[in-house]
file my_file39.csv (CSV, C-alpha atoms (C1' of nucleotides))
chain,number,residue,atom,x,y,z
A,1,MET,CA,-60.9,-60.1,157.2
A,2,VAL,CA,-58.4,-61.1,154.5
A,3,SER,CA,-56.7,-58.4,152.3
A,4,ILE,CA,-54.4,-58.8,149.4
A,5,ASP,CA,-51.4,-58.3,151.6
A,6,ASP,CA,-52.2,-61.4,153.5
A,7,LEU,CA,-51.7,-63.6,150.5
A,8,SER,CA,-48.5,-65.5,149.8
A,9,ALA,CA,-47.0,-65.4,146.3
A,10,SER,CA,-48.4,-68.8,145.5
A,11,GLN,CA,-51.8,-68.0,146.8
A,12,GLU,CA,-51.8,-64.9,144.5
A,13,ASP,CA,-50.9,-67.2,141.6
A,14,TYR,CA,-53.8,-69.5,142.4
A,15,LEU,CA,-56.2,-66.7,142.5
A,16,GLU,CA,-54.8,-65.3,139.3
A,17,ALA,CA,-55.1,-68.6,137.6
A,18,ILE,CA,-58.7,-69.1,138.7
A,19,PHE,CA,-59.5,-65.6,137.5
A,20,HIS,CA,-58.1,-66.3,134.0
A,21,ILE,CA,-59.7,-69.7,133.7
A,22,SER,CA,-63.0,-68.4,134.9
A,23,GLU,CA,-62.9,-65.8,132.1
A,24,GLU,CA,-62.9,-68.5,129.6
A,25,LYS,CA,-65.0,-71.2,131.0
A,26,MET,CA,-67.3,-69.7,133.7
A,27,ALA,CA,-65.8,-71.9,136.4
A,28,ALA,CA,-62.5,-73.5,137.0
A,29,ARG,CA,-61.7,-77.1,137.9
A,30,ALA,CA,-58.7,-78.3,139.9
A,31,LYS,CA,-57.3,-80.0,136.9
A,32,ASP,CA,-57.3,-76.7,134.9
A,33,ILE,CA,-55.6,-74.9,137.7
A,34,ALA,CA,-52.9,-77.6,138.0
A,35,LYS,CA,-52.2,-77.4,134.3
A,36,TYR,CA,-52.2,-73.6,134.3
A,37,LEU,CA,-49.7,-73.3,137.1
A,38,ASP,CA,-47.8,-76.5,136.2
A,39,VAL,CA,-48.2,-78.1,139.6
A,40,LYS,CA,-49.7,-81.5,140.6
A,41,ALA,CA,-53.5,-81.7,141.2
A,42,SER,CA,-52.9,-82.6,144.8
A,43,SER,CA,-51.1,-79.4,145.4
A,44,VAL,CA,-54.1,-77.5,144.1
A,45,THR,CA,-56.5,-79.1,146.7
A,46,GLY,CA,-54.6,-77.7,149.6
A,47,ALA,CA,-54.4,-74.2,148.1
A,48,LEU,CA,-58.1,-74.2,147.3
A,49,ARG,CA,-59.0,-75.2,150.9
A,50,ILE,CA,-57.1,-72.1,152.1
A,51,LEU,CA,-58.6,-69.8,149.6
A,52,GLY,CA,-62.0,-71.2,150.4
A,53,LYS,CA,-61.5,-70.8,154.1
A,54,HIS,CA,-60.6,-67.1,153.5
A,55,GLU,CA,-63.8,-66.8,151.4
A,56,LEU,CA,-62.0,-65.8,148.3
A,57,ILE,CA,-63.4,-68.7,146.3
A,58,ASN,CA,-66.5,-70.8,146.5
A,59,TYR,CA,-65.1,-74.2,147.2
A,60,ALA,CA,-66.7,-77.5,148.1
A,61,PRO,CA,-65.0,-80.8,147.4
A,62,TYR,CA,-65.7,-82.1,143.9
A,63,ASP,CA,-67.7,-79.0,143.0
A,64,LEU,CA,-67.0,-76.2,140.5
A,65,ILE,CA,-64.7,-73.4,141.7
A,66,THR,CA,-65.7,-69.8,141.4
A,67,LEU,CA,-64.5,-66.5,142.8
A,68,THR,CA,-66.4,-64.8,145.5
A,69,ASP,CA,-67.0,-61.0,145.2
A,70,LYS,CA,-64.2,-60.5,147.6
A,71,GLY,CA,-61.9,-62.9,145.7
A,72,ARG,CA,-62.7,-61.2,142.4
A,73,VAL,CA,-61.7,-57.8,143.7
A,74,ILE,CA,-58.3,-59.1,144.9
A,75,ALA,CA,-57.8,-61.2,141.7
A,76,GLU,CA,-58.4,-58.1,139.6
A,77,GLU,CA,-55.8,-56.2,141.6
A,78,ILE,CA,-53.3,-59.0,141.0
A,79,VAL,CA,-54.0,-59.1,137.3
A,80,TYR,CA,-53.8,-55.3,137.1
A,81,ARG,CA,-50.3,-55.4,138.6
A,82,HIS,CA,-49.2,-58.0,136.2
A,83,ARG,CA,-50.5,-56.1,133.2
A,84,ALA,CA,-49.1,-52.8,134.4
A,85,LEU,CA,-45.7,-54.4,134.9
A,86,GLU,CA,-45.7,-56.1,131.5
A,87,LYS,CA,-46.8,-52.9,129.8
A,88,PHE,CA,-44.0,-51.0,131.4
A,89,LEU,CA,-41.4,-53.5,130.4
A,90,VAL,CA,-42.6,-53.5,126.8
A,91,LYS,CA,-43.4,-49.9,126.2
A,92,VAL,CA,-40.8,-48.2,128.3
A,93,LEU,CA,-37.9,-50.6,128.4
A,94,GLY,CA,-38.5,-52.3,125.1
A,95,ILE,CA,-38.4,-55.8,126.4
A,96,GLU,CA,-39.9,-58.5,124.1
A,97,ARG,CA,-43.5,-59.3,125.0
A,98,GLU,CA,-42.8,-62.9,125.9
A,99,ASP,CA,-39.8,-62.0,128.1
A,100,ALA,CA,-41.8,-59.2,129.7
A,101,ASP,CA,-44.6,-61.6,130.5
A,102,ALA,CA,-42.2,-64.1,132.1
A,103,ALA,CA,-40.5,-61.3,134.1
A,104,ALA,CA,-43.8,-59.9,135.2
A,105,CYS,CA,-44.7,-63.3,136.6
A,106,LYS,CA,-41.6,-63.4,138.6
A,107,MET,CA,-41.7,-59.8,139.8
A,108,GLU,CA,-45.4,-59.1,140.3
A,109,HIS,CA,-45.6,-60.4,143.9
A,110,HIS,CA,-42.7,-58.4,145.1
A,111,VAL,CA,-43.2,-54.9,143.7
A,112,PRO,CA,-44.8,-52.6,146.2
A,113,LYS,CA,-48.1,-51.1,145.2
A,114,ALA,CA,-46.8,-47.5,145.3
A,115,ILE,CA,-44.1,-48.5,142.8
A,116,ILE,CA,-46.6,-50.2,140.5
A,117,GLU,CA,-48.6,-47.0,140.5
A,118,ARG,CA,-45.6,-45.0,139.5
A,119,LEU,CA,-44.8,-47.5,136.7
A,120,VAL,CA,-48.3,-47.1,135.4
A,121,LYS,CA,-48.0,-43.3,135.5
A,122,TYR,CA,-44.7,-43.4,133.8
A,123,ALA,CA,-45.8,-45.7,131.0
A,124,GLU,CA,-48.9,-43.5,130.6
A,125,TYR,CA,-46.7,-40.5,130.4
A,126,VAL,CA,-44.4,-42.0,127.8
A,127,ASP,CA,-47.4,-43.2,125.9
A,128,HIS,CA,-49.2,-40.0,126.2
A,129,CYS,CA,-46.4,-37.5,125.6
A,130,PRO,CA,-43.8,-39.2,123.4
A,131,ARG,CA,-42.3,-35.8,122.7
A,132,GLY,CA,-41.7,-35.0,126.4
A,133,GLY,CA,-40.9,-38.6,127.3
A,134,VAL,CA,-39.1,-41.2,125.3
A,135,SER,CA,-40.5,-42.9,122.3
A,136,TRP,CA,-38.8,-46.3,122.1
A,137,GLU,CA,-37.7,-46.2,118.5
A,138,SER,CA,-36.2,-42.7,118.4
A,139,GLY,CA,-35.1,-42.4,122.0
A,140,PHE,CA,-34.0,-45.2,124.2
A,141,GLY,CA,-34.0,-47.9,121.6
A,142,TYR,CA,-31.6,-45.8,119.4
A,143,TYR,CA,-29.4,-45.1,122.4
A,144,CYS,CA,-29.3,-48.9,123.2
A,145,LYS,CA,-27.9,-49.6,119.8
A,146,HIS,CA,-25.7,-46.7,119.1
A,147,GLY,CA,-25.0,-44.9,122.4
A,148,CYS,CA,-25.0,-41.2,122.6
A,149,THR,CA,-24.6,-39.5,119.2
A,150,ASP,CA,-25.0,-35.9,120.3
A,151,GLN,CA,-21.8,-34.1,119.1
A,152,ASP,CA,-22.2,-31.4,121.7
A,153,CYS,CA,-23.1,-33.7,124.6
A,154,GLU,CA,-21.3,-32.4,127.7
A,155,ARG,CA,-21.2,-35.8,129.3
A,156,CYS,CA,-19.7,-37.4,126.3
A,157,VAL,CA,-16.9,-34.8,126.2
A,158,GLY,CA,-15.9,-36.0,129.6
A,159,GLU,CA,-16.0,-39.6,128.5
A,160,MET,CA,-14.0,-38.9,125.4
A,161,GLU,CA,-11.3,-37.3,127.5
A,162,ILE,CA,-11.2,-40.4,129.7
A,163,GLN,CA,-10.9,-42.5,126.6
A,164,SER,CA,-8.1,-40.4,125.3
A,165,GLN,CA,-6.2,-40.7,128.5
A,166,LYS,CA,-6.6,-44.5,128.4
A,167,LEU,CA,-5.1,-44.5,124.9
A,168,VAL,CA,-2.0,-42.6,125.9
B,1,MET,CA,-19.5,-74.9,141.5
B,2,VAL,CA,-21.9,-72.5,143.0
B,3,SER,CA,-23.3,-69.6,140.9
B,4,ILE,CA,-25.5,-66.7,141.9
B,5,ASP,CA,-28.5,-68.5,140.6
B,6,ASP,CA,-28.1,-71.3,143.1
B,7,LEU,CA,-28.7,-68.9,146.0
B,8,SER,CA,-32.0,-68.5,147.7
B,9,ALA,CA,-33.3,-65.0,148.4
B,10,SER,CA,-32.3,-65.3,152.1
B,11,GLN,CA,-28.8,-66.5,151.2
B,12,GLU,CA,-28.4,-63.5,149.0
B,13,ASP,CA,-29.5,-61.3,151.9
B,14,TYR,CA,-26.8,-62.9,154.1
B,15,LEU,CA,-24.1,-62.4,151.5
B,16,GLU,CA,-25.2,-58.8,151.0
B,17,ALA,CA,-25.2,-58.1,154.7
B,18,ILE,CA,-21.7,-59.5,155.1
B,19,PHE,CA,-20.5,-57.4,152.2
B,20,HIS,CA,-21.9,-54.2,153.7
B,21,ILE,CA,-20.7,-55.0,157.2
B,22,SER,CA,-17.3,-55.9,155.9
B,23,GLU,CA,-17.0,-52.6,154.1
B,24,GLU,CA,-17.2,-50.8,157.4
B,25,LYS,CA,-15.5,-53.1,159.8
B,26,MET,CA,-13.1,-55.3,157.8
B,27,ALA,CA,-14.9,-58.4,159.0
B,28,ALA,CA,-18.4,-59.4,160.1
B,29,ARG,CA,-19.5,-61.2,163.2
B,30,ALA,CA,-22.7,-63.3,163.4
B,31,LYS,CA,-24.1,-60.8,165.8
B,32,ASP,CA,-23.8,-57.9,163.3
B,33,ILE,CA,-25.4,-60.0,160.7
B,34,ALA,CA,-28.3,-60.9,163.0
B,35,LYS,CA,-28.8,-57.3,163.8
B,36,TYR,CA,-28.5,-56.2,160.2
B,37,LEU,CA,-31.1,-58.6,158.9
B,38,ASP,CA,-33.2,-58.6,162.1
B,39,VAL,CA,-33.0,-62.3,162.6
B,40,LYS,CA,-32.0,-64.4,165.6
B,41,ALA,CA,-28.4,-65.2,166.0
B,42,SER,CA,-29.1,-68.9,165.8
B,43,SER,CA,-30.7,-68.4,162.4
B,44,VAL,CA,-27.4,-66.9,161.2
B,45,THR,CA,-25.3,-69.9,162.1
B,46,GLY,CA,-27.1,-72.2,159.6
B,47,ALA,CA,-26.9,-69.7,156.8
B,48,LEU,CA,-23.1,-69.2,157.5
B,49,ARG,CA,-22.5,-72.9,157.4
B,50,ILE,CA,-24.1,-73.2,154.0
B,51,LEU,CA,-22.3,-70.1,152.6
B,52,GLY,CA,-19.1,-71.5,154.1
B,53,LYS,CA,-19.7,-74.9,152.6
B,54,HIS,CA,-20.1,-73.3,149.2
B,55,GLU,CA,-16.9,-71.4,149.8
B,56,LEU,CA,-18.5,-68.0,149.5
B,57,ILE,CA,-17.3,-67.0,153.0
B,58,ASN,CA,-14.4,-67.9,155.2
B,59,TYR,CA,-16.2,-69.3,158.2
B,60,ALA,CA,-14.9,-71.0,161.3
B,61,PRO,CA,-16.8,-71.1,164.6
B,62,TYR,CA,-16.0,-68.1,166.8
B,63,ASP,CA,-13.8,-66.7,164.1
B,64,LEU,CA,-14.2,-63.5,162.1
B,65,ILE,CA,-16.3,-63.9,158.9
B,66,THR,CA,-14.9,-62.7,155.6
B,67,LEU,CA,-15.9,-63.1,152.0
B,68,THR,CA,-13.9,-65.4,149.7
B,69,ASP,CA,-13.0,-64.1,146.3
B,70,LYS,CA,-15.8,-66.1,144.9
B,71,GLY,CA,-18.2,-64.8,147.5
B,72,ARG,CA,-17.2,-61.2,146.8
B,73,VAL,CA,-17.9,-61.5,143.1
B,74,ILE,CA,-21.4,-62.7,143.9
B,75,ALA,CA,-22.0,-60.2,146.7
B,76,GLU,CA,-20.9,-57.4,144.3
B,77,GLU,CA,-23.4,-58.7,141.7
B,78,ILE,CA,-26.1,-58.6,144.3
B,79,VAL,CA,-25.2,-55.2,145.5
B,80,TYR,CA,-25.0,-54.0,142.0
B,81,ARG,CA,-28.6,-55.2,141.4
B,82,HIS,CA,-29.8,-53.5,144.4
B,83,ARG,CA,-28.2,-50.2,143.6
B,84,ALA,CA,-29.3,-50.4,140.0
B,85,LEU,CA,-32.8,-50.9,141.0
B,86,GLU,CA,-32.7,-48.1,143.6
B,87,LYS,CA,-31.1,-45.7,141.2
B,88,PHE,CA,-33.8,-46.4,138.6
B,89,LEU,CA,-36.6,-45.9,141.1
B,90,VAL,CA,-35.2,-42.6,142.3
B,91,LYS,CA,-33.9,-41.1,139.1
B,92,VAL,CA,-36.5,-42.3,136.6
B,93,LEU,CA,-39.6,-42.8,138.6
B,94,GLY,CA,-38.9,-40.1,141.2
B,95,ILE,CA,-39.5,-42.4,144.2
B,96,GLU,CA,-38.2,-41.1,147.5
B,97,ARG,CA,-34.7,-42.5,148.4
B,98,GLU,CA,-35.9,-44.4,151.5
B,99,ASP,CA,-38.9,-45.9,149.8
B,100,ALA,CA,-36.8,-46.8,146.8
B,101,ASP,CA,-34.3,-48.6,149.1
B,102,ALA,CA,-37.1,-50.6,150.8
B,103,ALA,CA,-38.7,-51.5,147.5
B,104,ALA,CA,-35.3,-52.5,146.0
B,105,CYS,CA,-34.8,-54.9,149.0
B,106,LYS,CA,-38.1,-56.5,148.3
B,107,MET,CA,-37.7,-56.7,144.5
B,108,GLU,CA,-34.0,-57.4,144.0
B,109,HIS,CA,-34.2,-61.2,144.3
B,110,HIS,CA,-37.0,-61.4,141.7
B,111,VAL,CA,-36.0,-59.2,138.8
B,112,PRO,CA,-34.4,-61.2,136.0
B,113,LYS,CA,-30.9,-60.2,135.2
B,114,ALA,CA,-31.8,-59.1,131.7
B,115,ILE,CA,-34.4,-56.7,133.1
B,116,ILE,CA,-31.8,-55.2,135.5
B,117,GLU,CA,-29.5,-54.6,132.6
B,118,ARG,CA,-32.3,-52.7,130.8
B,119,LEU,CA,-33.1,-50.7,133.8
B,120,VAL,CA,-29.5,-49.7,134.2
B,121,LYS,CA,-29.3,-48.8,130.5
B,122,TYR,CA,-32.5,-46.7,130.8
B,123,ALA,CA,-31.4,-44.9,133.9
B,124,GLU,CA,-28.0,-44.2,132.2
B,125,TYR,CA,-29.8,-42.9,129.1
B,126,VAL,CA,-32.0,-40.6,131.1
B,127,ASP,CA,-29.1,-39.5,133.1
B,128,HIS,CA,-26.9,-39.1,130.1
B,129,CYS,CA,-29.2,-37.6,127.6
B,130,PRO,CA,-31.8,-35.6,129.6
B,131,ARG,CA,-32.8,-33.8,126.4
B,132,GLY,CA,-33.7,-37.0,124.6
B,133,GLY,CA,-35.0,-38.7,127.7
B,134,VAL,CA,-36.8,-37.4,130.7
B,135,SER,CA,-35.4,-35.2,133.3
B,136,TRP,CA,-37.5,-35.7,136.4
B,137,GLU,CA,-38.3,-32.1,137.2
B,138,SER,CA,-39.4,-30.9,133.8
B,139,GLY,CA,-40.7,-34.1,132.4
B,140,PHE,CA,-42.4,-36.9,134.3
B,141,GLY,CA,-42.5,-35.1,137.6
B,142,TYR,CA,-44.3,-32.2,136.0
B,143,TYR,CA,-46.7,-34.6,134.3
B,144,CYS,CA,-47.4,-36.3,137.6
B,145,LYS,CA,-48.5,-33.1,139.2
B,146,HIS,CA,-50.2,-31.3,136.3
B,147,GLY,CA,-51.0,-33.9,133.7
B,148,CYS,CA,-50.6,-33.1,130.1
B,149,THR,CA,-50.4,-29.3,129.4
B,150,ASP,CA,-49.6,-29.5,125.7
B,151,GLN,CA,-52.3,-27.5,123.9
B,152,ASP,CA,-51.8,-29.3,120.7
B,153,CYS,CA,-51.5,-32.8,122.2
B,154,GLU,CA,-53.5,-35.1,119.8
B,155,ARG,CA,-54.3,-37.6,122.6
B,156,CYS,CA,-55.6,-34.8,124.8
B,157,VAL,CA,-57.9,-33.7,122.1
B,158,GLY,CA,-59.5,-37.1,122.2
B,159,GLU,CA,-59.8,-37.0,125.9
B,160,MET,CA,-61.3,-33.5,125.9
B,161,GLU,CA,-63.9,-34.7,123.5
B,162,ILE,CA,-64.7,-37.5,125.8
B,163,GLN,CA,-64.9,-35.1,128.7
B,164,SER,CA,-67.2,-32.8,126.8
B,165,GLN,CA,-69.5,-35.7,126.0
B,166,LYS,CA,-69.7,-36.6,129.7
B,167,LEU,CA,-70.7,-33.0,130.5
B,168,VAL,CA,-73.5,-33.0,128.1
C,1,DG,C1',-76.0,-101.2,135.7
C,2,DT,C1',-71.6,-102.6,136.2
C,3,DA,C1',-66.8,-101.6,134.5
C,4,DT,C1',-63.4,-98.4,133.1
C,5,DT,C1',-61.4,-94.0,133.0
C,6,DT,C1',-60.8,-89.5,134.8
C,7,DT,C1',-60.8,-86.3,138.4
C,8,DT,C1',-60.2,-85.1,143.1
C,9,DT,C1',-58.8,-85.9,147.6
C,10,DT,C1',-56.1,-87.9,151.4
C,11,DA,C1',-51.9,-89.3,153.6
C,12,DG,C1',-47.2,-89.0,154.2
C,13,DG,C1',-42.7,-86.9,153.0
C,14,DC,C1',-39.2,-83.4,151.9
C,15,DA,C1',-36.7,-78.9,151.7
C,16,DC,C1',-36.5,-74.3,153.1
C,17,DG,C1',-36.0,-70.8,156.4
C,18,DC,C1',-37.2,-69.1,160.4
C,19,DC,C1',-38.0,-69.8,165.5
C,20,DT,C1',-37.0,-71.1,170.7
C,21,DT,C1',-34.6,-73.4,174.4
C,22,DA,C1',-30.7,-75.3,176.3
C,23,DC,C1',-25.9,-75.8,176.0
C,24,DT,C1',-20.9,-74.6,174.9
C,25,DT,C1',-17.2,-71.5,174.2
C,26,DA,C1',-15.0,-66.7,174.6
C,27,DT,C1',-14.4,-62.4,176.6
C,28,DT,C1',-14.3,-59.2,180.2
C,29,DA,C1',-14.2,-57.4,184.9
C,30,DT,C1',-12.7,-57.7,189.4
D,1,DA,C1',-8.3,-67.0,188.4
D,2,DT,C1',-12.9,-67.1,188.6
D,3,DA,C1',-17.4,-65.1,188.1
D,4,DA,C1',-20.4,-62.7,185.1
D,5,DT,C1',-21.6,-61.6,180.5
D,6,DA,C1',-21.5,-62.1,175.6
D,7,DA,C1',-21.3,-64.8,171.5
D,8,DG,C1',-22.0,-69.0,169.1
D,9,DT,C1',-24.0,-73.9,168.4
D,10,DA,C1',-27.2,-77.9,168.6
D,11,DA,C1',-31.6,-79.8,168.6
D,12,DG,C1',-36.2,-79.7,167.8
D,13,DG,C1',-40.5,-77.3,166.2
D,14,DC,C1',-43.4,-74.7,163.0
D,15,DG,C1',-45.5,-73.0,158.6
D,16,DT,C1',-45.2,-73.0,153.6
D,17,DG,C1',-45.5,-75.2,149.5
D,18,DC,C1',-44.3,-78.6,146.8
D,19,DC,C1',-44.1,-83.8,145.7
D,20,DT,C1',-45.6,-89.1,145.2
D,21,DA,C1',-48.7,-92.8,145.9
D,22,DA,C1',-52.9,-94.5,146.7
D,23,DA,C1',-57.8,-94.2,147.9
D,24,DA,C1',-62.3,-92.2,146.9
D,25,DA,C1',-65.7,-90.0,144.1
D,26,DA,C1',-67.5,-88.7,139.7
D,27,DA,C1',-68.0,-89.2,134.9
D,28,DT,C1',-68.2,-92.1,130.9
D,29,DA,C1',-68.4,-96.4,128.2
D,30,DC,C1',-70.3,-100.6,127.2
call {"tool": "encode", "arguments": {"input": "my_file39.csv", "output": "structure tokens"}}
result
Amino acid sequence: MVSIDDLSASQEDYLEAIFHISEEKMAARAKDIAKYLDVKASSVTGALRILGKHELINYAPYDLITLTDKGRVIAEEIVYRHRALEKFLVKVLGIEREDADAAACKMEHHVPKAIIERLVKYAEYVDHCPRGGVSWESGFGYYCKHGCTDQDCERCVGEMEIQSQKLV
Amino acid sequence: MVSIDDLSASQEDYLEAIFHISEEKMAARAKDIAKYLDVKASSVTGALRILGKHELINYAPYDLITLTDKGRVIAEEIVYRHRALEKFLVKVLGIEREDADAAACKMEHHVPKAIIERLVKYAEYVDHCPRGGVSWESGFGYYCKHGCTDQDCERCVGEMEIQSQKLV
DNA sequence: GTATTTTTTTAGGCACGCCTTACTTATTAT
DNA sequence: ATAATAAGTAAGGCGTGCCTAAAAAAATAC
């Protein structure tokens, strides 16, 4: 039995690609996958054979490619991770959507599930309770641009002392 | 000229290992590195030759292994990333230190530099301005355990309505 | 219905990074 | 000093995942 943890990063990418292409066109063809992942068609064939062998996709040479039920469950998990990461990067860290998407692609295979769950929870928290958490504009975003502007900030007092010492 | 971006994940691991071992013992030996990374001694040799060729370490057979200046700069960058990630996971997301360390090991090679910088900034912000940001105990940690407890929370009103409808 | 084009597959190759086995070099103990 | 042990190297293998080039199959055009 194959679980999501048995898949390599590239196999996850293939499954993810098939999932997205299938959403649009009912079934994927090797050509679409190659284009989506920017690899040669011949590289796709090998990957498809493996995914087929693991019964994650319905694969027969020259035939249309679809996800099996098992494959769809795993593909959805992968897509969920990607979206969760991207949302976190945008909503919490204020990364530009495009950059966040690119970063999520790079990171998604290497972030443990437990961490993803926490990111989701955190993003949800910030989203849900902007007063308790951090709303980007007024909180972290402002800090990024202007630093700490709290006159009574205890930490800043310390830093100012250090600054003064340097100036002497 | 070799930059940090030219290193594979495993080369980064080797450099990181040498850095940490050197901190304790002045110089590293292949055996220590093999143990540190849980890899066979013979696997270490090849990696050392490459790092040596790139002038990131001073390497001569049977001799002690030390970082070159160039190597130390890169190693410090790698360690910085690891620590930044770990700090973020612990301080912001409330992950247990050990889990955070393990996750950081898995993630550190795949998080773009720009994202690391943002994580650092965010952790700094939360650390610096717990009032504006989120202190773990009172903010996100509490939310994780009890959910939203704000009586006047607009979002929760919506959710309660949904809940009520379900109960009907 | 054959010819052309597109799509897919096969075959063979390369780089990486790890492994094992066999060998060489150093160190340590007696 | 030499035997035993520890440490390091060389050579060759394996799996992954990509590539190119060329053959085979399918789709399309005439």
call {"tool": "closest_atom_pairs", "arguments": {"input": "my_file39.csv", "of": "region 20-73 of chain A", "to": "region 4-9 of chain C", "cutoff": "12 Å", "atoms": "all atoms listed in the file", "output": "tab-separated table"}}
result
residue	atom	partner	partner_atom	distance
A:Arg29	CA	C:DT7	C1'	9.3
A:Ala30	CA	C:DT8	C1'	7.7
A:Lys31	CA	C:DT7	C1'	7.4
A:Asp32	CA	C:DT7	C1'	10.8
A:Ala34	CA	C:DT8	C1'	11.6
A:Lys40	CA	C:DT8	C1'	11.4
A:Ala41	CA	C:DT8	C1'	7.7
A:Ser42	CA	C:DT9	C1'	7.3
A:Ser43	CA	C:DT9	C1'	10.3
A:Val44	CA	C:DT8	C1'	9.8
A:Thr45	CA	C:DT9	C1'	7.2
A:Gly46	CA	C:DT9	C1'	9.4
A:Leu48	CA	C:DT9	C1'	11.7
A:Arg49	CA	C:DT9	C1'	11.2
A:Ala60	CA	C:DT8	C1'	11.2
A:Pro61	CA	C:DT8	C1'	7.7
A:Tyr62	CA	C:DT8	C1'	6.3
A:Asp63	CA	C:DT8	C1'	9.7
A:Leu64	CA	C:DT8	C1'	11.5
call {"tool": "write_last_selection", "arguments": {"input": "my_file39.csv", "atoms": "C-alpha atoms", "output": "PDB file, in the coordinates of the input"}}
result
ATOM      1  CA  ARG A  29     -61.700 -77.100 137.900  1.00  0.00           C
ATOM      2  CA  ALA A  30     -58.700 -78.300 139.900  1.00  0.00           C
ATOM      3  CA  LYS A  31     -57.300 -80.000 136.900  1.00  0.00           C
ATOM      4  CA  ASP A  32     -57.300 -76.700 134.900  1.00  0.00           C
ATOM      5  CA  ALA A  34     -52.900 -77.600 138.000  1.00  0.00           C
ATOM      6  CA  LYS A  40     -49.700 -81.500 140.600  1.00  0.00           C
ATOM      7  CA  ALA A  41     -53.500 -81.700 141.200  1.00  0.00           C
ATOM      8  CA  SER A  42     -52.900 -82.600 144.800  1.00  0.00           C
ATOM      9  CA  SER A  43     -51.100 -79.400 145.400  1.00  0.00           C
ATOM     10  CA  VAL A  44     -54.100 -77.500 144.100  1.00  0.00           C
ATOM     11  CA  THR A  45     -56.500 -79.100 146.700  1.00  0.00           C
ATOM     12  CA  GLY A  46     -54.600 -77.700 149.600  1.00  0.00           C
ATOM     13  CA  LEU A  48     -58.100 -74.200 147.300  1.00  0.00           C
ATOM     14  CA  ARG A  49     -59.000 -75.200 150.900  1.00  0.00           C
ATOM     15  CA  ALA A  60     -66.700 -77.500 148.100  1.00  0.00           C
ATOM     16  CA  PRO A  61     -65.000 -80.800 147.400  1.00  0.00           C
ATOM     17  CA  TYR A  62     -65.700 -82.100 143.900  1.00  0.00           C
ATOM     18  CA  ASP A  63     -67.700 -79.000 143.000  1.00  0.00           C
ATOM     19  CA  LEU A  64     -67.000 -76.200 140.500  1.00  0.00           C
TER      20      LEU A  64
END
call {"tool": "residues_around", "arguments": {"input": "my_file39.csv", "residues": "region 3-5 of chain D", "least_positions_apart": "2", "cutoff": "12 Å", "atoms": "all atoms listed in the file", "output": "list in words"}}
result
DA26, DT27, DT28, DA29 and DT30 of chain C; DA1 and DA7 of chain D
call {"tool": "atom_distance", "arguments": {"input": "my_file39.csv", "atom1": "C1' of DA27 (chain D)", "atom2": "CA of Asn58 (chain A)"}}
result
21.8 Å
call {"tool": "residues_around", "arguments": {"input": "my_file39.csv", "residues": "region 76-81 of chain B", "least_positions_apart": "4", "cutoff": "7 Å", "atoms": "only C-alpha atoms (C1' of nucleotides)", "output": "list in words"}}
result
Glu16, Arg72, Leu85, Glu108 and Ile116 of chain B
call {"tool": "atom_distance", "arguments": {"input": "my_file39.csv", "atom1": "CA of Met1 (chain B)", "atom2": "CA of His54 (chain B)"}}
result
7.9 Å
